[in-house]
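Visitor: Sharing run-v2.cif below, mmCIF, C-alpha atoms:
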data_work
loop_
_atom_site.label_atom_id
_atom_site.label_comp_id
_atom_site.auth_asym_id
_atom_site.auth_seq_id
_atom_site.Cartn_x
_atom_site.Cartn_y
_atom_site.Cartn_z
CA GLN A 1 4.97 47.39 16.58
CA LEU A 2 5.80 43.99 15.14
CA GLY A 3 9.41 44.04 16.32
CA ALA A 4 10.91 44.24 12.81
CA ILE A 5 13.19 47.08 13.94
CA PRO A 6 14.56 47.51 17.46
CA ARG A 7 13.48 51.14 17.99
CA LEU A 8 11.43 53.75 16.13
CA CYS A 9 13.39 56.84 15.18
CA ASP A 10 11.92 60.27 15.87
CA PRO A 11 12.99 63.77 14.90
CA PRO A 12 15.22 65.25 17.62
CA LEU A 13 12.47 67.23 19.33
CA ARG A 14 11.15 66.60 22.84
CA ILE A 15 7.52 66.55 21.65
CA PHE A 16 8.02 63.14 19.99
CA ASP A 17 7.88 59.77 21.73
CA SER A 18 6.85 57.27 19.07
CA GLU A 19 8.26 54.27 20.91
CA ARG A 20 6.18 54.79 24.07
CA ILE A 21 3.01 55.64 22.13
CA THR A 22 3.17 52.76 19.64
CA MET A 23 3.89 50.22 22.36
CA SER A 24 1.05 51.42 24.61
CA ARG A 25 -2.21 49.54 25.16
CA ALA A 26 -4.03 52.29 23.25
CA ALA A 27 -2.03 51.38 20.14
CA HIS A 28 -3.16 47.75 20.36
CA PRO A 29 -6.95 47.72 20.12
CA PHE A 30 -8.31 44.17 20.32
CA GLY A 31 -4.74 43.07 21.08
CA VAL A 32 -3.69 43.85 17.49
CA PRO A 33 -1.12 46.53 16.60
CA ASP A 34 -2.95 49.51 15.14
CA ALA A 35 -0.43 49.62 12.30
CA LEU A 36 -1.90 46.36 10.97
CA LEU A 37 -5.42 47.71 11.34
CA GLY A 38 -4.29 50.84 9.50
CA LEU A 39 -2.85 48.80 6.64
CA ALA A 40 -6.14 46.95 6.26
CA SER A 41 -8.11 50.19 6.49
CA PHE A 42 -6.01 52.09 3.94
CA GLY A 43 -6.01 49.00 1.71
CA THR A 44 -9.80 49.19 1.73
CA THR A 45 -9.63 52.90 0.92
CA LEU A 46 -7.31 52.17 -2.00
CA THR A 47 -9.63 49.44 -3.28
CA LEU A 48 -12.62 51.79 -3.14
CA ALA A 49 -10.63 54.53 -4.90
CA LEU A 50 -9.68 52.15 -7.71
CA MET A 51 -13.25 50.86 -8.05
CA SER A 52 -14.88 54.29 -7.83
CA LYS A 53 -14.33 55.12 -11.51
CA ARG A 54 -16.33 52.07 -12.61
CA PHE A 55 -18.89 51.61 -9.87
CA ARG A 56 -21.11 54.36 -8.51
CA MET A 57 -21.60 52.62 -5.17
CA ALA A 58 -17.82 52.41 -4.65
CA SER A 59 -17.59 56.17 -5.14
CA LYS A 60 -20.28 56.75 -2.52
CA LEU A 61 -18.59 54.39 -0.09
CA LEU A 62 -15.23 56.04 -0.77
CA GLY A 63 -16.55 59.40 0.42
CA ALA A 64 -17.82 57.88 3.65
CA LYS A 65 -14.57 55.94 4.13
CA LEU A 66 -12.46 59.08 3.67
CA VAL A 67 -14.46 60.86 6.36
CA LEU A 68 -14.06 57.86 8.66
CA ASP A 69 -10.29 57.69 8.02
CA ALA A 70 -9.72 61.41 8.63
CA SER A 71 -11.92 61.38 11.74
CA ALA A 72 -10.13 58.37 13.23
CA ALA A 73 -6.73 59.93 12.49
CA ALA A 74 -7.73 63.23 14.12
CA PHE A 75 -9.10 61.39 17.16
CA ASN A 76 -5.91 59.36 17.56
CA ALA A 77 -3.68 62.43 17.18
CA GLY A 78 -5.67 64.25 19.85
CA ARG A 79 -5.62 61.22 22.13
CA GLN A 80 -1.82 61.10 21.92
CA VAL A 81 -1.50 64.68 23.09
CA VAL A 82 -4.05 64.26 25.88
CA SER A 83 -2.87 60.84 27.10
CA PHE A 84 0.88 61.12 26.64
CA GLY A 85 1.63 64.83 26.32
CA LYS A 86 3.71 63.80 23.29
CA ILE A 87 3.11 62.75 19.69
CA CYS A 88 4.24 59.88 17.52
CA SER A 89 5.99 61.17 14.41
CA TRP A 90 4.95 58.12 12.41
CA CYS A 91 1.32 58.42 13.51
CA THR A 92 1.37 62.13 12.70
CA GLY A 93 2.52 61.31 9.17
CA THR A 94 -0.36 58.86 8.85
CA ALA A 95 -2.85 61.43 10.19
CA LEU A 96 -1.61 64.05 7.74
CA SER A 97 -1.92 61.53 4.91
CA ALA A 98 -5.51 60.77 5.89
CA GLY A 99 -6.28 64.49 5.92
CA VAL A 100 -4.74 64.95 2.47
CA MET A 101 -6.72 61.98 1.14
CA ALA A 102 -9.94 63.49 2.50
CA TYR A 103 -9.09 66.84 0.93
CA VAL A 104 -8.31 65.27 -2.45
CA GLY A 105 -11.45 63.13 -2.22
CA ARG A 106 -13.72 65.98 -1.15
CA ALA A 107 -15.90 65.52 -4.28
CA SER A 108 -16.60 61.93 -3.23
CA ILE A 109 -17.32 63.11 0.31
CA ARG A 110 -19.69 65.78 -0.97
CA ASN A 111 -21.52 63.23 -3.14
CA SER A 112 -21.79 60.81 -0.21
CA LEU A 113 -23.26 63.52 1.99
CA ARG A 114 -25.76 64.50 -0.71
CA GLU A 115 -26.78 60.87 -1.15
CA ALA A 116 -27.21 60.43 2.61
CA ALA A 117 -29.31 63.61 2.78
CA ALA A 118 -31.48 62.41 -0.11
CA ILE A 119 -32.03 59.03 1.54
CA SER A 120 -32.87 60.70 4.84
CA LYS A 121 -35.36 62.99 3.12
CA ALA A 122 -36.98 60.07 1.29
CA VAL A 123 -37.27 58.04 4.48
CA GLY A 124 -38.74 61.03 6.31
CA ALA A 125 -41.30 61.58 3.55
CA ALA A 126 -42.25 57.90 3.57
CA LEU A 127 -42.70 57.94 7.34
CA GLU A 128 -44.86 61.06 7.15
CA LYS A 129 -47.17 59.34 4.63
CA ARG A 130 -47.65 56.44 7.04
CA VAL A 131 -48.64 58.68 9.93
#
Hey, can you dump this file as structure tokens for me?
Guide:
Amino acid sequence: QLGAIPRLCDPPLRIFDSERITMSRAAHPFGVPDALLGLASFGTTLTLALMSKRFRMASKLLGAKLVLDASAAAFNAGRQVVSFGKICSWCTGTALSAGVMAYVGRASIRNSLREAAAISKAVGAALEKRV
């Protein structure tokens, strides 16, 4: 997407068309290549993962971030099939990686969901007392 290599290679199957997909408008939200956005996003995920052992809040945020990453990857993979009738092999690798990270981080996700449920319950109880 940055022009560092002349053409993206794909496996020799007709389902792949990485070049067309990565050069499309959909792959450039806000006029920025989504690969750069992905690097920033996964860099944030890595930072949260490294901090999660020392800081409880980082662990909670990591769970939410893993859900966000996997959801965005699944959305983009589906959008490729619907919009182009093809898939990007490189994007598919990224989507699979996001799914694996979410699976490995499922304890953090579970803790984040429990924390969100507890906060929701506390807010609901506080609102009921006011009424």
Visitor: From the set A:Thr22, A:Asn111, A:Gln1, A:Thr94, which residue has the shortest atom-to-atom contact distance to Ala58 of chain A, counting all atoms listed in the file?
Guide: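 Selected residue with least distance to Ala58 of chain A: A:Asn111.
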Visitor: When the PyMOL selection byres ((chain A and resi 74) around 12) is applied to the structure above, which residues does it catch, written out as a ChimeraX atom specification?
Guide: /A:67-73,75-81,91-99,102
Visitor: Kindly export the residues of the current selection with C-alpha atoms, as a PDB file, in the frame of the given file.
Guide:
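Produced file part_27.pdb, reproduced below:
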ATOM      1  CA  VAL A  67     -14.460  60.860   6.360  1.00  0.00           C
ATOM      2  CA  LEU A  68     -14.060  57.860   8.660  1.00  0.00           C
ATOM      3  CA  ASP A  69     -10.290  57.690   8.020  1.00  0.00           C
ATOM      4  CA  ALA A  70      -9.720  61.410   8.630  1.00  0.00           C
ATOM      5  CA  SER A  71     -11.920  61.380  11.740  1.00  0.00           C
ATOM      6  CA  ALA A  72     -10.130  58.370  13.230  1.00  0.00           C
ATOM      7  CA  ALA A  73      -6.730  59.930  12.490  1.00  0.00           C
ATOM      8  CA  PHE A  75      -9.100  61.390  17.160  1.00  0.00           C
ATOM      9  CA  ASN A  76      -5.910  59.360  17.560  1.00  0.00           C
ATOM     10  CA  ALA A  77      -3.680  62.430  17.180  1.00  0.00           C
ATOM     11  CA  GLY A  78      -5.670  64.250  19.850  1.00  0.00           C
ATOM     12  CA  ARG A  79      -5.620  61.220  22.130  1.00  0.00           C
ATOM     13  CA  GLN A  80      -1.820  61.100  21.920  1.00  0.00           C
ATOM     14  CA  VAL A  81      -1.500  64.680  23.090  1.00  0.00           C
ATOM     15  CA  CYS A  91       1.320  58.420  13.510  1.00  0.00           C
ATOM     16  CA  THR A  92       1.370  62.130  12.700  1.00  0.00           C
ATOM     17  CA  GLY A  93       2.520  61.310   9.170  1.00  0.00           C
ATOM     18  CA  THR A  94      -0.360  58.860   8.850  1.00  0.00           C
ATOM     19  CA  ALA A  95      -2.850  61.430  10.190  1.00  0.00           C
ATOM     20  CA  LEU A  96      -1.610  64.050   7.740  1.00  0.00           C
ATOM     21  CA  SER A  97      -1.920  61.530   4.910  1.00  0.00           C
ATOM     22  CA  ALA A  98      -5.510  60.770   5.890  1.00  0.00           C
ATOM     23  CA  GLY A  99      -6.280  64.490   5.920  1.00  0.00           C
ATOM     24  CA  ALA A 102      -9.940  63.490   2.500  1.00  0.00           C
TER      25      ALA A 102
END
Visitor: What does the distance between atom CA of Met51 of chain A and atom CA of Ala122 of chain A come to in Å, to one decimal place?
Guide: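 According to the coordinates, atom CA of Met51 of chain A and atom CA of Ala122 of chain A are separated by 27.1 Å.
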Visitor: Which one is closest to Asp17 of chain A: A:Ile87, A:Leu2, A:Ala116, A:Ala49? Count all atoms listed in the file.
Guide: A:Ile87
Visitor: Provide an axis-aligned box for all listed atoms of segment 21-28 of chain A, padding each side by 5 Å; report its centre and its edge lengths in Å to one decimal, as JSON.
Guide:
{"center_x": -0.1, "center_y": 51.7, "center_z": 22.4, "size_x": 17.9, "size_y": 17.9, "size_z": 15.5}
Visitor: Rounded to one decimal, what separation in Å do you get between atom CA of Ile119 of chain A and atom CA of Ser59 of chain A?
Guide: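 Pair atom CA of Ile119 of chain A / atom CA of Ser59 of chain A returns 16.2 Å.
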Visitor: Can you list, as a ChimeraX atom specification, the residues that the PyMOL selection byres ((chain A and resi 41) around 12) selects here?
Guide: /A:34-40,42-48,62,65-66,68-70,72-73,94,98
Visitor: Take the PyMOL selection byres ((chain A and resi 7-16) around 7), apply it to the structure above, and return the hits as an NGL selection string.
Guide: :A and (5-6 or 17-19 or 86-89)
Visitor: Write the residues you've just listed into a file as a PDB file, keeping the file's coordinate frame, and include C-alpha atoms for each of them.
Guide:
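Output (result-v9.pdb):
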ATOM      1  CA  ILE A   5      13.190  47.080  13.940  1.00  0.00           C
ATOM      2  CA  PRO A   6      14.560  47.510  17.460  1.00  0.00           C
ATOM      3  CA  ASP A  17       7.880  59.770  21.730  1.00  0.00           C
ATOM      4  CA  SER A  18       6.850  57.270  19.070  1.00  0.00           C
ATOM      5  CA  GLU A  19       8.260  54.270  20.910  1.00  0.00           C
ATOM      6  CA  LYS A  86       3.710  63.800  23.290  1.00  0.00           C
ATOM      7  CA  ILE A  87       3.110  62.750  19.690  1.00  0.00           C
ATOM      8  CA  CYS A  88       4.240  59.880  17.520  1.00  0.00           C
ATOM      9  CA  SER A  89       5.990  61.170  14.410  1.00  0.00           C
TER      10      SER A  89
END
Visitor: Closest to Ala27 of chain A among A:Ser52, A:Ser83, A:Ser108, A:Met57, using all atoms listed in the file?
Guide: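 That would be A:Ser83, the residue with the smallest distance to Ala27 of chain A.
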Visitor: Of the residues A:Pro29, A:Phe84, A:Gly63, A:Ala126, which is the one nearest to Met101 of chain A, using all atoms listed in the file?
Guide: A:Gly63
Visitor: Quick one: pull the distance between atom CA of Met23 of chain A and atom CA of Ala4 of chain A, Å, one decimal.
Guide: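 Going from atom CA of Met23 of chain A over to atom CA of Ala4 of chain A, I get 13.3 Å.
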